[in-house]
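Here the structure is laid out as structure tokens; the discussion comes afterwards.
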Amino acid sequence: MGATATAAATATAAALLAAALTGCSSGGSAPAKADAKVGGGGRDGKAVTVTVTPRRAGEPVKVAASGGTLDSVTVTDGRGGRLTGTMSRHGRIWTSDRNAAPGTTYTVKATTRAEGGTAGSARSSFTTPAADLVNKVDWRPGDATTVGVAQPISLVFDRPVRDKAAVEKQLEVTTSNNTEGSWGWMKDRSGKDRVDWRPKEYWRPGTEVTLDARLNGTDSGEGGGWFVRDYKLGFTIGARQVVKVDLDSKRLTLERDGKAVRTFPVSGGTPGPDTGSWRGTEVLMAKEGTIRMNSETVGLGNAYDEMVDYSMRLTWSGTYAHAAPWNAAYFGKANRSHGCIGMSDADAAWLYERARVGDPFEVKGAETKGRVALNNGFGDWNVGWEEWRAKSALR
């Protein structure tokens, strides 16, 4: 935003302020200043002067009194929203808790008390310039959902986030049991800026989680644009389910609350840099049912083109757990897929019915091709806690 637009906005607010307030003192009122408004009479004809300084979007609204104090201040926008704020100890300055948002009209109402005790009031409106660029957010998980114990909160931004600290300060996570966790920044596999919040350890079942992203009025930084709305979501953590995949023994085990529910044979990726399976913790991203899998979409030429049942996505790069009846001869005996975890139709149907988005698949095996990256799905769990915390912009 240029200095001219800023000055214009401030001058407009000042003019409105000066025009609208009337003196309340029987002794008369002092003339209004260019950037102030007469709010109430005082001793010897002196009146309270109220000044509003909404310098620009992205800064708090400040209301200051001279010649007296502020009894109360309310700041509302054109949609009925309200900026809460804090009064200084001496009662002369009120500062909003939130920044002013771009392209928003605010109405300021203040009640005053002159040094002689006379009450007064002030009212004005001002409009901040509209944003030249707007940043938006895509988030997971969905609101009002129940997810598995490994599900992070994940925000992917439509435009670059240069001022990561300013954005992270507006992201508040609250839980029903004071779960310890941290934000961590990365580049999403799409190339966009992304920030995830994960607990120190897997979530405790039954935890209720709320994200309050109070982003309206926050500047992303150069080239990123402004946020012009807030985001809020809540979700609940389901049962503790962990899917353990051992590609040495070629067995998959579903554990619930630390106890094995069932184990059955599988076949992982054929050893090699292109077809091997990833190892590490892969979080179930989505249950996609029957889908077409085409090898050309993951850089494997014309190796396969199949309709695949009971597909459970584990990474953005194309790793799934799914039914693979064509590989039946290898279940429990050899890893012969193109990277996915294949199983029989019956076993896939059984797992698909019980698995929940957010459940961790803990994959190990000597024939794997490497550890899954943080941004390849929800690979957040593949670094230690201290390394994860260091990815916060506020550490």
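Residue numbering restarts at 1 for every chain of the structure tokens, chains are lettered A, B, ... in their displayed order, and ligands are numbered from 1 as they appear.
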
Polymer residues at most 8 Å from Tyr231 in chain A, only C-alpha atoms, same-chain spacing of 4 or more positions, as a short mmCIF file (atom, residue, chain, number, x, y, z; two decimals) with N, CA and C atoms, in the first residue's frame:
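What landed in part36.cif:
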```cif
data_model
loop_
_atom_site.label_atom_id
_atom_site.label_comp_id
_atom_site.auth_asym_id
_atom_site.auth_seq_id
_atom_site.Cartn_x
_atom_site.Cartn_y
_atom_site.Cartn_z
N LEU A 211 -8.91 -25.04 15.71
CA LEU A 211 -7.99 -24.09 15.10
C LEU A 211 -8.73 -22.78 14.90
N ASP A 212 -8.18 -21.70 15.45
CA ASP A 212 -8.72 -20.36 15.24
C ASP A 212 -7.66 -19.57 14.48
N ALA A 213 -7.84 -19.47 13.17
CA ALA A 213 -6.88 -18.76 12.31
C ALA A 213 -7.40 -17.34 12.10
N ARG A 214 -6.95 -16.43 12.93
CA ARG A 214 -7.45 -15.05 12.91
C ARG A 214 -6.60 -14.23 11.93
N LEU A 215 -6.74 -14.56 10.66
CA LEU A 215 -5.85 -14.03 9.63
C LEU A 215 -6.33 -12.73 9.00
#
```

Could you pull the residues within 9 Å of range 163-178 of chain A, counting only C-alpha atoms, minus those fewer than 6 positions along the same chain, as a CSV table (one decimal) with all heavy atoms, in the first residue's frame?
```csv
chain,number,residue,atom,x,y,z
A,185,TRP,N,6.9,-25.2,9.2
A,185,TRP,CA,6.7,-24.7,7.8
A,185,TRP,C,7.5,-25.5,6.8
A,185,TRP,O,8.6,-26.1,7.1
A,185,TRP,CB,7.3,-23.2,7.7
A,185,TRP,CG,6.4,-22.2,8.4
A,185,TRP,CD1,6.4,-21.9,9.7
A,185,TRP,CD2,5.3,-21.5,7.8
A,185,TRP,NE1,5.4,-20.9,9.9
A,185,TRP,CE2,4.8,-20.7,8.8
A,185,TRP,CE3,4.8,-21.4,6.5
A,185,TRP,CZ2,3.7,-19.8,8.5
A,185,TRP,CZ3,3.8,-20.5,6.2
A,185,TRP,CH2,3.2,-19.7,7.2
A,195,VAL,N,2.0,-24.8,6.2
A,195,VAL,CA,2.4,-24.9,7.6
A,195,VAL,C,1.5,-26.0,8.2
A,195,VAL,O,0.3,-26.0,8.0
A,195,VAL,CB,2.3,-23.6,8.3
A,195,VAL,CG1,0.9,-23.0,8.4
A,195,VAL,CG2,2.9,-23.6,9.7
A,197,TRP,N,0.6,-28.2,11.9
A,197,TRP,CA,0.7,-28.3,13.4
A,197,TRP,C,0.5,-29.8,13.7
A,197,TRP,O,-0.5,-30.4,13.4
A,197,TRP,CB,-0.4,-27.5,14.0
A,197,TRP,CG,-0.2,-27.2,15.5
A,197,TRP,CD1,0.3,-26.1,16.1
A,197,TRP,CD2,-0.6,-28.1,16.6
A,197,TRP,NE1,0.3,-26.2,17.4
A,197,TRP,CE2,-0.2,-27.4,17.8
A,197,TRP,CE3,-1.1,-29.4,16.7
A,197,TRP,CZ2,-0.4,-28.0,19.1
A,197,TRP,CZ3,-1.3,-29.9,18.0
A,197,TRP,CH2,-1.0,-29.2,19.1
A,204,ARG,N,-4.0,-38.1,21.7
A,204,ARG,CA,-4.8,-39.0,22.6
A,204,ARG,C,-6.2,-39.1,22.1
A,204,ARG,O,-6.9,-38.2,21.7
A,204,ARG,CB,-4.8,-38.4,24.0
A,204,ARG,CG,-5.3,-39.3,25.1
A,204,ARG,CD,-5.4,-38.6,26.4
A,204,ARG,NE,-4.2,-37.9,26.7
A,204,ARG,CZ,-4.1,-37.0,27.7
A,204,ARG,NH1,-5.1,-36.7,28.4
A,204,ARG,NH2,-2.9,-36.4,28.0
A,206,GLY,N,-10.1,-39.2,21.6
A,206,GLY,CA,-11.1,-38.4,22.3
A,206,GLY,C,-10.7,-36.9,22.4
A,206,GLY,O,-11.6,-36.1,22.8
A,207,THR,N,-9.5,-36.5,22.0
A,207,THR,CA,-9.1,-35.1,22.1
A,207,THR,C,-10.0,-34.3,21.2
A,207,THR,O,-10.2,-34.6,20.0
A,207,THR,CB,-7.7,-34.9,21.7
A,207,THR,OG1,-6.9,-35.7,22.6
A,207,THR,CG2,-7.2,-33.5,21.9
A,208,GLU,N,-10.5,-33.1,21.7
A,208,GLU,CA,-11.2,-32.2,20.8
A,208,GLU,C,-10.3,-31.0,20.5
A,208,GLU,O,-9.6,-30.5,21.4
A,208,GLU,CB,-12.4,-31.7,21.6
A,208,GLU,CG,-13.5,-32.8,21.8
A,208,GLU,CD,-14.7,-32.3,22.6
A,208,GLU,OE1,-14.7,-31.1,22.9
A,208,GLU,OE2,-15.6,-33.1,22.8
A,209,VAL,N,-10.2,-30.7,19.2
A,209,VAL,CA,-9.2,-29.8,18.7
A,209,VAL,C,-9.9,-28.6,18.0
A,209,VAL,O,-10.8,-28.9,17.2
A,209,VAL,CB,-8.2,-30.5,17.7
A,209,VAL,CG1,-7.1,-29.5,17.4
A,209,VAL,CG2,-7.6,-31.7,18.4
A,210,THR,N,-9.4,-27.4,18.2
A,210,THR,CA,-9.9,-26.2,17.5
A,210,THR,C,-8.8,-25.4,17.0
A,210,THR,O,-7.8,-25.1,17.7
A,210,THR,CB,-10.8,-25.3,18.5
A,210,THR,OG1,-11.9,-26.1,19.0
A,210,THR,CG2,-11.3,-24.1,17.7
A,211,LEU,N,-8.9,-25.0,15.7
A,211,LEU,CA,-8.0,-24.1,15.1
A,211,LEU,C,-8.7,-22.8,14.9
A,211,LEU,O,-9.8,-22.7,14.2
A,211,LEU,CB,-7.5,-24.6,13.8
A,211,LEU,CG,-6.7,-23.5,12.9
A,211,LEU,CD1,-5.5,-23.1,13.6
A,211,LEU,CD2,-6.5,-24.0,11.5
A,212,ASP,N,-8.2,-21.7,15.4
A,212,ASP,CA,-8.7,-20.4,15.2
A,212,ASP,C,-7.7,-19.6,14.5
A,212,ASP,O,-6.7,-19.1,15.1
A,212,ASP,CB,-9.0,-19.7,16.6
A,212,ASP,CG,-9.8,-18.4,16.4
A,212,ASP,OD1,-10.2,-18.1,15.3
A,212,ASP,OD2,-10.1,-17.8,17.5
A,213,ALA,N,-7.8,-19.5,13.2
A,213,ALA,CA,-6.9,-18.8,12.3
A,213,ALA,C,-7.4,-17.3,12.1
A,213,ALA,O,-8.2,-17.1,11.2
A,213,ALA,CB,-6.7,-19.5,11.0
A,214,ARG,N,-6.9,-16.4,12.9
A,214,ARG,CA,-7.4,-15.0,12.9
A,214,ARG,C,-6.6,-14.2,11.9
A,214,ARG,O,-5.9,-13.3,12.3
A,214,ARG,CB,-7.4,-14.5,14.3
A,214,ARG,CG,-8.2,-15.3,15.3
A,214,ARG,CD,-8.1,-14.8,16.7
A,214,ARG,NE,-8.8,-13.6,16.9
A,214,ARG,CZ,-8.7,-12.8,18.0
A,214,ARG,NH1,-7.9,-13.2,19.0
A,214,ARG,NH2,-9.4,-11.7,18.1
A,215,LEU,N,-6.7,-14.6,10.7
A,215,LEU,CA,-5.8,-14.0,9.6
A,215,LEU,C,-6.3,-12.7,9.0
A,215,LEU,O,-5.5,-12.0,8.4
A,215,LEU,CB,-5.6,-15.1,8.5
A,215,LEU,CG,-4.8,-16.3,9.0
A,215,LEU,CD1,-4.9,-17.4,7.9
A,215,LEU,CD2,-3.4,-15.9,9.2
A,218,THR,N,-4.0,-9.6,8.1
A,218,THR,CA,-2.6,-10.0,8.1
A,218,THR,C,-2.0,-9.9,6.7
A,218,THR,O,-2.6,-10.4,5.8
A,218,THR,CB,-2.5,-11.4,8.7
A,218,THR,OG1,-3.1,-11.4,10.0
A,218,THR,CG2,-1.0,-11.8,8.8
A,219,ASP,N,-0.8,-9.4,6.6
A,219,ASP,CA,-0.2,-9.2,5.3
A,219,ASP,C,0.8,-10.4,5.2
A,219,ASP,O,1.6,-10.6,6.1
A,219,ASP,CB,0.6,-7.9,5.3
A,219,ASP,CG,1.2,-7.6,4.0
A,219,ASP,OD1,1.1,-8.4,3.1
A,219,ASP,OD2,1.8,-6.5,3.9
A,220,SER,N,0.7,-11.1,4.1
A,220,SER,CA,1.6,-12.2,3.8
A,220,SER,C,3.1,-11.8,3.5
A,220,SER,O,4.0,-12.6,3.6
A,220,SER,CB,1.1,-13.0,2.6
A,220,SER,OG,-0.1,-13.5,2.8
A,221,GLY,N,3.2,-10.5,3.2
A,221,GLY,CA,4.5,-10.1,2.7
A,221,GLY,C,4.6,-9.9,1.2
A,221,GLY,O,3.6,-10.1,0.5
A,222,GLU,N,5.7,-9.4,0.7
A,222,GLU,CA,5.8,-9.1,-0.7
A,222,GLU,C,5.4,-10.2,-1.6
A,222,GLU,O,5.8,-11.3,-1.5
A,222,GLU,CB,7.3,-8.7,-1.0
A,222,GLU,CG,7.5,-8.2,-2.4
A,222,GLU,CD,9.0,-7.9,-2.7
A,222,GLU,OE1,9.8,-8.0,-1.7
A,222,GLU,OE2,9.3,-7.6,-3.8
A,224,GLY,N,2.6,-11.7,-1.7
A,224,GLY,CA,1.7,-12.7,-1.1
A,224,GLY,C,0.3,-12.2,-0.9
A,224,GLY,O,-0.7,-12.9,-1.0
A,392,SER,N,9.2,-24.1,13.1
A,392,SER,CA,8.3,-23.0,13.4
A,392,SER,C,9.0,-21.6,13.2
A,392,SER,O,10.2,-21.5,13.4
A,392,SER,CB,7.9,-23.0,14.9
A,392,SER,OG,7.3,-21.8,15.3
A,393,ALA,N,8.3,-20.7,12.7
A,393,ALA,CA,8.8,-19.3,12.4
A,393,ALA,C,9.0,-18.5,13.7
A,393,ALA,O,9.6,-17.4,13.6
A,393,ALA,CB,7.9,-18.6,11.4
A,394,LEU,N,8.5,-19.0,14.8
A,394,LEU,CA,8.5,-18.3,16.0
A,394,LEU,C,9.5,-18.9,17.0
A,394,LEU,O,9.5,-18.5,18.2
A,394,LEU,CB,7.1,-18.3,16.7
A,394,LEU,CG,6.0,-17.6,15.8
A,394,LEU,CD1,4.7,-17.7,16.5
A,394,LEU,CD2,6.4,-16.2,15.5
```

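Shortest separation to Arg336 in chain A among A:Lys391, A:Lys259, A:Arg240, A:Lys250 occurs at residue A:Lys250, atoms counted being only C-alpha atoms.
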
Go through range 262-342 of chain A residue by residue and, counting only C-alpha atoms, keep those with an atom at most 12 Å from range 188-193 of chain A; for each kept residue give the shortest atom pair and its distance in Å to one decimal, ordered by chain and increasing number, as CSV.
```
residue,atom,partner,partner_atom,distance
A:Thr315,CA,A:Arg189,CA,10.1
A:Trp316,CA,A:Arg189,CA,7.4
A:Ser317,CA,A:Arg189,CA,8.7
```

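Here the question is which of A:Gly268, A:Gly225, A:Gly68, A:Pro152 gets nearest to Gly377 in chain A using only C-alpha atoms, and that residue is A:Pro152.
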
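CA of Asp359 in chain A lies 12.4 Å from CA of Pro141 in chain A.
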
Would you list, as a ChimeraX atom specification, the residues of range 75-295 of chain A that end up in strand (DSSP E) under DSSP run on this structure's backbone? /A:75-77,82-83,85-87,93-99,105-114,119-127,137-140,145-147,153-157,171-175,181-187,193-199,208-213,231-237,241-246,251-256,259-265,278-283,286-294

List as a ChimeraX atom specification the protein and nucleic acid residues near range 56-62 of chain A, meaning an atom at most 6 Å away when only C-alpha atoms are counted, but skip any in the same chain fewer than 4 places from it. /A:6,52,94-96,98-102,217-218

From range 155-199 of chain A, collect each residue whose DSSP state is helix (DSSP H, G or I) and return the set as number ranges by chain. A: 164-168

For the residues in the current selection, export N, CA, C and O atoms as an mmCIF file, in the first residue's frame.
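Writing the result to out.cif gives the following:
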```cif
data_model
loop_
_atom_site.group_PDB
_atom_site.id
_atom_site.type_symbol
_atom_site.label_atom_id
_atom_site.label_comp_id
_atom_site.auth_asym_id
_atom_site.auth_seq_id
_atom_site.Cartn_x
_atom_site.Cartn_y
_atom_site.Cartn_z
ATOM 1 N N LYS A 164 6.320 -15.244 7.507
ATOM 2 C CA LYS A 164 5.774 -16.439 8.151
ATOM 3 C C LYS A 164 5.489 -16.219 9.628
ATOM 4 O O LYS A 164 4.513 -16.752 10.173
ATOM 5 N N ALA A 165 6.326 -15.436 10.296
ATOM 6 C CA ALA A 165 6.109 -15.192 11.721
ATOM 7 C C ALA A 165 4.801 -14.444 11.952
ATOM 8 O O ALA A 165 4.039 -14.769 12.871
ATOM 9 N N ALA A 166 4.522 -13.433 11.117
ATOM 10 C CA ALA A 166 3.283 -12.665 11.274
ATOM 11 C C ALA A 166 2.068 -13.556 11.086
ATOM 12 O O ALA A 166 1.068 -13.420 11.804
ATOM 13 N N VAL A 167 2.132 -14.483 10.135
ATOM 14 C CA VAL A 167 1.014 -15.395 9.898
ATOM 15 C C VAL A 167 0.886 -16.394 11.045
ATOM 16 O O VAL A 167 -0.213 -16.635 11.563
ATOM 17 N N GLU A 168 1.993 -16.971 11.450
ATOM 18 C CA GLU A 168 1.935 -17.990 12.512
ATOM 19 C C GLU A 168 1.393 -17.424 13.825
ATOM 20 O O GLU A 168 0.713 -18.129 14.582
#
```

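Separating CA of Gly142 in chain A from CA of Ile237 in chain A is a distance of 12.4 Å.
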
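Look at Gln241 in chain A: the protein and nucleic acid residues within 8 Å of it, using only C-alpha atoms and passing over chain neighbours fewer than 2 places away, are Gly148, Val149, Ala239, Val243, Leu254, Glu255, Arg256, Asp257, Gly258, Ala355, Asp359 and Pro360 of chain A.
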
Near-Ala328 in chain A list (10 Å; only C-alpha atoms; drop same-chain fewer than 6 positions) as an MDAnalysis selection string: chainID A and resid 265:267 342:345

I need the chosen residues saved as a PDB file, in the first residue's frame, with all heavy atoms.
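And here is the file that came out, part.pdb:
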```pdb
ATOM      1  N   PRO A 265      -1.217 -61.084   4.920  1.00  0.00           N
ATOM      2  CA  PRO A 265      -0.086 -60.926   4.003  1.00  0.00           C
ATOM      3  C   PRO A 265      -0.304 -59.817   2.982  1.00  0.00           C
ATOM      4  O   PRO A 265      -1.433 -59.566   2.548  1.00  0.00           O
ATOM      5  CB  PRO A 265       0.003 -62.290   3.324  1.00  0.00           C
ATOM      6  CG  PRO A 265      -1.400 -62.810   3.354  1.00  0.00           C
ATOM      7  CD  PRO A 265      -1.974 -62.338   4.655  1.00  0.00           C
ATOM      8  N   VAL A 266       0.795 -59.161   2.613  1.00  0.00           N
ATOM      9  CA  VAL A 266       0.765 -58.103   1.606  1.00  0.00           C
ATOM     10  C   VAL A 266       1.990 -58.230   0.717  1.00  0.00           C
ATOM     11  O   VAL A 266       2.885 -59.034   0.974  1.00  0.00           O
ATOM     12  CB  VAL A 266       0.748 -56.695   2.260  1.00  0.00           C
ATOM     13  CG1 VAL A 266      -0.516 -56.468   3.064  1.00  0.00           C
ATOM     14  CG2 VAL A 266       1.991 -56.494   3.127  1.00  0.00           C
ATOM     15  N   SER A 267       2.028 -57.384  -0.300  1.00  0.00           N
ATOM     16  CA  SER A 267       3.211 -57.276  -1.142  1.00  0.00           C
ATOM     17  C   SER A 267       3.485 -55.802  -1.388  1.00  0.00           C
ATOM     18  O   SER A 267       2.585 -55.052  -1.786  1.00  0.00           O
ATOM     19  CB  SER A 267       2.994 -57.997  -2.477  1.00  0.00           C
ATOM     20  OG  SER A 267       4.139 -57.871  -3.313  1.00  0.00           O
ATOM     21  N   GLY A 342      -0.078 -53.799  -1.674  1.00  0.00           N
ATOM     22  CA  GLY A 342      -1.180 -54.553  -2.236  1.00  0.00           C
ATOM     23  C   GLY A 342      -1.600 -55.709  -1.352  1.00  0.00           C
ATOM     24  O   GLY A 342      -0.789 -56.275  -0.605  1.00  0.00           O
ATOM     25  N   MET A 343      -2.871 -56.071  -1.456  1.00  0.00           N
ATOM     26  CA  MET A 343      -3.432 -57.150  -0.642  1.00  0.00           C
ATOM     27  C   MET A 343      -4.621 -57.751  -1.382  1.00  0.00           C
ATOM     28  O   MET A 343      -5.043 -57.234  -2.424  1.00  0.00           O
ATOM     29  CB  MET A 343      -3.843 -56.613   0.732  1.00  0.00           C
ATOM     30  CG  MET A 343      -4.908 -55.528   0.673  1.00  0.00           C
ATOM     31  SD  MET A 343      -4.936 -54.429   2.129  1.00  0.00           S
ATOM     32  CE  MET A 343      -3.517 -53.376   1.791  1.00  0.00           C
ATOM     33  N   SER A 344      -5.181 -58.805  -0.837  1.00  0.00           N
ATOM     34  CA  SER A 344      -6.323 -59.454  -1.486  1.00  0.00           C
ATOM     35  C   SER A 344      -7.561 -58.566  -1.416  1.00  0.00           C
ATOM     36  O   SER A 344      -7.633 -57.631  -0.610  1.00  0.00           O
ATOM     37  CB  SER A 344      -6.620 -60.789  -0.808  1.00  0.00           C
ATOM     38  OG  SER A 344      -7.172 -60.569   0.482  1.00  0.00           O
ATOM     39  N   ASP A 345      -8.533 -58.873  -2.259  1.00  0.00           N
ATOM     40  CA  ASP A 345      -9.794 -58.125  -2.241  1.00  0.00           C
ATOM     41  C   ASP A 345     -10.436 -58.176  -0.857  1.00  0.00           C
ATOM     42  O   ASP A 345     -10.905 -57.149  -0.340  1.00  0.00           O
ATOM     43  CB  ASP A 345     -10.766 -58.701  -3.277  1.00  0.00           C
ATOM     44  CG  ASP A 345     -10.430 -58.281  -4.698  1.00  0.00           C
ATOM     45  OD1 ASP A 345      -9.851 -57.193  -4.872  1.00  0.00           O
ATOM     46  OD2 ASP A 345     -10.748 -59.039  -5.635  1.00  0.00           O
TER      47      ASP A 345
END
```

Find the spatial neighbours of Thr290 in chain A, counting only C-alpha atoms, within a cut-off of 10 Å - ignore same-chain residues fewer than 4 positions away - and output them as a PDB file with C-alpha atoms, in the first residue's frame.
```pdb
ATOM      1  CA  MET A 307      -9.115 -49.842 -12.088  1.00  0.00           C
ATOM      2  CA  VAL A 308      -8.203 -50.458  -8.458  1.00  0.00           C
ATOM      3  CA  ASP A 309     -10.602 -51.180  -5.581  1.00  0.00           C
ATOM      4  CA  TYR A 310     -10.442 -50.111  -1.919  1.00  0.00           C
ATOM      5  CA  SER A 311      -7.821 -47.448  -2.612  1.00  0.00           C
ATOM      6  CA  MET A 312      -6.414 -45.657   0.460  1.00  0.00           C
ATOM      7  CA  HIS A 322      -5.294 -51.194  -2.034  1.00  0.00           C
ATOM      8  CA  ALA A 323      -6.629 -54.463  -3.421  1.00  0.00           C
TER       9      ALA A 323
END
```

What's around Asp132 in chain A at 9 Å? Count only C-alpha atoms, leave out sequence neighbours fewer than 2 positions away in its own chain, and write the answer as a list in words. Met1, Pro129, Ala130, Val134, Gly225 and Trp226 of chain A

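What separates CA of Asn335 in chain A from CA of Ala366 in chain A is a distance of 11.0 Å.
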
Using only C-alpha atoms, the best pick from A:Arg198, A:Ala329, A:Ala114, A:Lys364 as closest to Trp385 in chain A would be A:Arg198
